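Participant: This is the structure, below, for whatever I ask next.
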Number of protein chains: 2
Amino acid sequence: MALPSDPAPAKRTRRSPDALRTQILDAASELFLREGYANTSIDAVIERVGGSKRAIYSHFGGKEDLFAAMVAGLSEQALEAIPEANERAEEDVRASLVDFARAIMRILMDPRTIALYRLVVSESGRMPGLAESFLRYGPGRATSGLTRLLERWANSGLLDVHDPKQAAEHFIGMLRDDSHLEVVLGVRKPLGERAQRSRVERVVHIFLDGVAVK
Amino acid sequence: MALPSDPAPAKRTRRSPDALRTQILDAASELFLREGYANTSIDAVIERVGGSKRAIYSHFGGKEDLFAAMVAGLSEQALEAIPEANERAEEDVRASLVDFARAIMRILMDPRTIALYRLVVSESGRMPGLAESFLRYGPGRATSGLTRLLERWANSGLLDVHDPKQAAEHFIGMLRDDSHLEVVLGVRKPLGERAQRSRVERVVHIFLDGVAVK
DNA sequence: GTCTATATTGCGATAGAC
DNA sequence: GTCTATCGCAATATAGAC
């Protein structure tokens, strides 16, 4: 994201506190995601950013807090890609669901998201509060976004859902199935564009129409 | 848990090799699941079982191999609870799916399975092969079991599924949704019997009938 | 046991914003 | 000029490796 501290830390112009904060977060994200929590040192982060370790402590409080800030930031950032409920949604339920599912699928298969997921599962036992903020900024936003869509369609009589939140969770669960787990566990590469599309079609079809022969 | 060691023709002093192996696995499971991989020492395992460290190395090879054996064993053991495809399946698709889903749901919400899942996600990066055996003995068996059921129903013209394996993955994904993730991350307790039933009903309903208004 | 790595803190110096 | 954030460096603490 931010500019790499070019040849040398520019003497003339000073970074804004905000820029420093962002640069620290970017460097920390990269290292945490690649090396894991324990294998990433404060020194390694600061080495990439320049300046003093003090900056991290005054901005974030400590290593755990830096990690937590990174998790929240990345979760939020990832979810920016989901389409907002818009007017078109009212018109074509199926197409809107496909749009939504594609966005979620892309996020789920993004290597950064995968690494983040692994990291959160690994470290949430040790860090109370980490899981909450991850869920709130990440998966929770996806679910609540879809929940609102389902509610609207249910109110319009287009869908028959009694518990929109639960239905949203099930829908997203279909997207985060074994194929996702296999990627998380590193036994297969993330699905490509084509496979993603194909799975999204099936999921939307099952969700809307079911598989029972009528 | 596994083989009962009572009827073993154990001499006064010596356990059968098989019983020793089982006892080591049981002790290791408990410690690994509760304390994690790094926080469990070979000494701690041996302390519970008695005997010498040598036993672990001759039976399993080393700490990682013991861990891998435990993961494979627990995965396999957990999956024993899923109902085999039987004759009744042919009769009532819906009831059979509910049975199947209930079994899977119970497994997913079992604290041991939850701990195992966390552990596998945490350690699979470090241990090549761990993820494969976990998937093969655990989730893979669930998926393949359901896949066979779906194939039969599809062949009988009861269901309209073109890719039974993918459909099975989506079905199980609905059961392993955000509510499961929240339990894995420790932000909520496992769903109780009642909530499990309720979710299973919804999942089967969505899967068979869909939510679109006809 | 020693020793190394690393998280954390203390504090005077300094550079830029105002 | 003052003021604040940051820097640079050093010191402390501690957990884990060996």
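The way I read the labels, and the way they are meant: chains A, B, ... in the order of the structure tokens, residue 1 as the first residue of every chain, and ligand 1 as the first ligand shown, with later ones counted on from there.
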Counting only C-alpha atoms (C1' of nucleotides), a student should be able to say which residues of chain A come within 12 Å of chain D; what is the right answer, written as JSON, numbers by chain?
Facilitator: {"A": [9, 11, 14, 15, 16, 17, 18, 20, 50, 51, 52, 53, 54, 55, 56, 57, 58, 59]}
Participant: Could you pull out the helix (DSSP H, G or I) residues of chain B from DSSP and send them as a ChimeraX atom specification?
Facilitator: /B:17-35,42-49,53-60,63-79,87-91,93-109,111-123,130-137,139-155,164-175,178-184,193-209
Participant: Using C-alpha atoms, can you export the residues from the last selection as a compact mmCIF listing (two decimals), in the first residue's frame?
Facilitator:
# COMPACT_ATOMS: atom_id res chain seq x y z
CA PRO B 17 2.03 -53.77 22.92
CA ASP B 18 -1.39 -52.96 21.60
CA ALA B 19 -2.70 -51.80 24.94
CA LEU B 20 0.34 -49.67 25.50
CA ARG B 21 -0.10 -48.07 22.11
CA THR B 22 -3.72 -47.32 22.87
CA GLN B 23 -2.92 -45.90 26.26
CA ILE B 24 -0.27 -43.65 24.81
CA LEU B 25 -2.68 -42.42 22.17
CA ASP B 26 -5.37 -41.72 24.73
CA ALA B 27 -3.06 -39.78 26.99
CA ALA B 28 -1.58 -37.88 24.07
CA SER B 29 -5.01 -36.99 22.74
CA GLU B 30 -6.09 -35.53 26.00
CA LEU B 31 -2.96 -33.45 26.41
CA PHE B 32 -2.66 -32.29 22.81
CA LEU B 33 -6.30 -31.28 22.66
CA ARG B 34 -6.19 -29.39 25.90
CA GLU B 35 -2.72 -27.85 25.82
CA ILE B 42 6.66 -36.24 25.52
CA ASP B 43 7.51 -36.42 29.20
CA ALA B 44 4.04 -35.33 30.17
CA VAL B 45 2.53 -38.05 28.02
CA ILE B 46 4.77 -40.73 29.44
CA GLU B 47 4.09 -39.55 32.93
CA ARG B 48 0.43 -40.43 32.49
CA VAL B 49 1.04 -43.77 30.91
CA LYS B 53 9.93 -42.49 26.56
CA ARG B 54 11.44 -45.22 24.47
CA ALA B 55 7.95 -46.67 24.10
CA ILE B 56 6.71 -43.60 22.28
CA TYR B 57 9.64 -43.48 19.94
CA SER B 58 9.48 -47.17 19.09
CA HIS B 59 5.72 -47.12 18.59
CA PHE B 60 5.36 -43.83 16.78
CA LYS B 63 6.42 -36.30 18.71
CA GLU B 64 5.18 -35.27 15.30
CA ASP B 65 4.34 -38.82 14.36
CA LEU B 66 2.54 -39.34 17.63
CA PHE B 67 0.57 -36.20 16.90
CA ALA B 68 -0.23 -37.34 13.38
CA ALA B 69 -1.36 -40.75 14.67
CA MET B 70 -3.58 -39.03 17.20
CA VAL B 71 -5.16 -36.78 14.57
CA ALA B 72 -5.84 -39.70 12.26
CA GLY B 73 -7.21 -41.79 15.11
CA LEU B 74 -9.52 -39.13 16.46
CA SER B 75 -10.77 -38.19 13.01
CA GLU B 76 -11.58 -41.75 12.20
CA GLN B 77 -13.16 -42.33 15.58
CA ALA B 78 -15.36 -39.26 15.31
CA LEU B 79 -16.68 -40.33 11.95
CA GLU B 87 -32.07 -49.83 2.99
CA ARG B 88 -34.24 -47.37 4.77
CA ALA B 89 -32.39 -44.64 2.96
CA GLU B 90 -34.14 -45.63 -0.16
CA GLU B 91 -37.52 -45.06 1.35
CA VAL B 93 -34.86 -39.22 1.59
CA ARG B 94 -35.81 -36.46 3.95
CA ALA B 95 -35.61 -38.54 7.10
CA SER B 96 -32.33 -40.07 6.04
CA LEU B 97 -30.84 -36.67 5.35
CA VAL B 98 -31.99 -35.48 8.75
CA ASP B 99 -30.36 -38.52 10.38
CA PHE B 100 -27.18 -37.92 8.52
CA ALA B 101 -27.11 -34.21 9.26
CA ARG B 102 -27.81 -34.77 12.92
CA ALA B 103 -24.86 -37.11 13.18
CA ILE B 104 -22.60 -34.66 11.43
CA MET B 105 -23.86 -31.79 13.53
CA ARG B 106 -23.21 -33.71 16.73
CA ILE B 107 -19.68 -34.43 15.59
CA LEU B 108 -19.07 -30.83 14.59
CA MET B 109 -20.23 -29.54 17.95
CA PRO B 111 -15.69 -30.21 22.08
CA ARG B 112 -13.07 -32.76 21.11
CA THR B 113 -13.75 -32.30 17.43
CA ILE B 114 -13.62 -28.56 17.88
CA ALA B 115 -10.26 -28.76 19.61
CA LEU B 116 -9.02 -31.14 16.94
CA TYR B 117 -10.08 -28.75 14.20
CA ARG B 118 -8.28 -25.85 15.85
CA LEU B 119 -5.20 -27.97 16.30
CA VAL B 120 -5.12 -29.17 12.71
CA VAL B 121 -5.54 -25.68 11.32
CA SER B 122 -2.82 -24.40 13.61
CA GLU B 123 -0.26 -27.11 12.95
CA LEU B 130 -1.11 -33.88 8.64
CA ALA B 131 -3.85 -32.12 6.74
CA GLU B 132 -4.14 -34.93 4.23
CA SER B 133 -4.70 -37.60 6.82
CA PHE B 134 -7.08 -35.42 8.80
CA LEU B 135 -9.14 -34.74 5.71
CA ARG B 136 -9.06 -38.32 4.54
CA TYR B 137 -10.14 -39.87 7.83
CA PRO B 139 -14.27 -34.64 6.66
CA GLY B 140 -13.52 -36.71 3.59
CA ARG B 141 -15.36 -39.71 4.97
CA ALA B 142 -18.37 -37.61 5.79
CA THR B 143 -18.42 -36.19 2.31
CA SER B 144 -17.95 -39.49 0.57
CA GLY B 145 -20.63 -41.12 2.69
CA LEU B 146 -23.12 -38.45 1.78
CA THR B 147 -21.98 -38.51 -1.81
CA ARG B 148 -22.92 -42.18 -2.09
CA LEU B 149 -26.34 -41.48 -0.64
CA LEU B 150 -26.94 -38.65 -3.05
CA GLU B 151 -25.82 -40.78 -5.96
CA ARG B 152 -28.28 -43.49 -5.09
CA TRP B 153 -31.12 -41.04 -4.77
CA ALA B 154 -30.16 -39.38 -7.99
CA ASN B 155 -30.13 -42.74 -9.73
CA PRO B 164 -23.15 -35.48 -5.97
CA LYS B 165 -19.76 -34.82 -4.42
CA GLN B 166 -20.08 -31.08 -4.78
CA ALA B 167 -23.63 -31.17 -3.51
CA ALA B 168 -22.47 -33.19 -0.51
CA GLU B 169 -19.81 -30.60 0.21
CA HIS B 170 -22.34 -27.80 0.05
CA PHE B 171 -24.74 -29.66 2.31
CA ILE B 172 -22.08 -30.25 4.93
CA GLY B 173 -20.92 -26.67 4.49
CA MET B 174 -24.34 -25.49 5.60
CA LEU B 175 -23.85 -27.45 8.79
CA ASP B 178 -20.67 -19.32 11.10
CA SER B 179 -22.16 -20.92 14.17
CA HIS B 180 -19.47 -23.59 13.95
CA LEU B 181 -16.77 -21.01 13.34
CA GLU B 182 -17.89 -19.10 16.41
CA VAL B 183 -17.54 -22.22 18.50
CA VAL B 184 -14.13 -22.95 17.02
CA GLU B 193 -29.37 -30.50 21.25
CA ARG B 194 -32.35 -28.27 20.54
CA ALA B 195 -30.50 -25.70 18.46
CA GLN B 196 -28.79 -28.48 16.56
CA ARG B 197 -32.11 -30.04 15.64
CA SER B 198 -33.55 -26.76 14.57
CA ARG B 199 -30.62 -25.96 12.32
CA VAL B 200 -30.61 -29.43 10.84
CA GLU B 201 -34.27 -29.07 9.90
CA ARG B 202 -33.60 -25.79 8.14
CA VAL B 203 -30.59 -27.13 6.32
CA VAL B 204 -32.43 -30.17 5.02
CA HIS B 205 -35.34 -28.00 4.02
CA ILE B 206 -33.16 -25.59 2.10
CA PHE B 207 -31.23 -28.40 0.48
CA LEU B 208 -34.28 -30.28 -0.68
CA ASP B 209 -36.77 -27.53 -1.38
Participant: Starting from chain C, keep only residues with some atom at most 10 Å from an atom of chain A, counting only C-alpha atoms (C1' of nucleotides), and report them as a PyMOL selection string.
Facilitator: chain C and resi 5-9+15-16
Participant: Residues of the last selection are to be written out with C-alpha atoms (C1' of nucleotides), as a short mmCIF file (atom, residue, chain, number, x, y, z; two decimals), in the first residue's frame.
Facilitator:
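Wrote again-v8.cif, looks like this:
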data_model
loop_
_atom_site.label_atom_id
_atom_site.label_comp_id
_atom_site.auth_asym_id
_atom_site.auth_seq_id
_atom_site.Cartn_x
_atom_site.Cartn_y
_atom_site.Cartn_z
"C1'" DA C 5 16.34 -13.69 21.39
"C1'" DT C 6 12.95 -10.50 21.90
"C1'" DA C 7 9.15 -7.90 24.13
"C1'" DT C 8 8.86 -3.87 26.67
"C1'" DT C 9 10.14 0.57 28.77
"C1'" DA C 15 12.98 17.77 13.50
"C1'" DG C 16 9.14 19.69 11.69
#
Participant: Considering only C-alpha atoms, state which residue in the set B:Gly61, B:Pro83, B:Gly192, B:Pro128 is at the smallest distance from chain A.
Facilitator: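 Checking each candidate against chain A, we get B:Pro128 as the closest.
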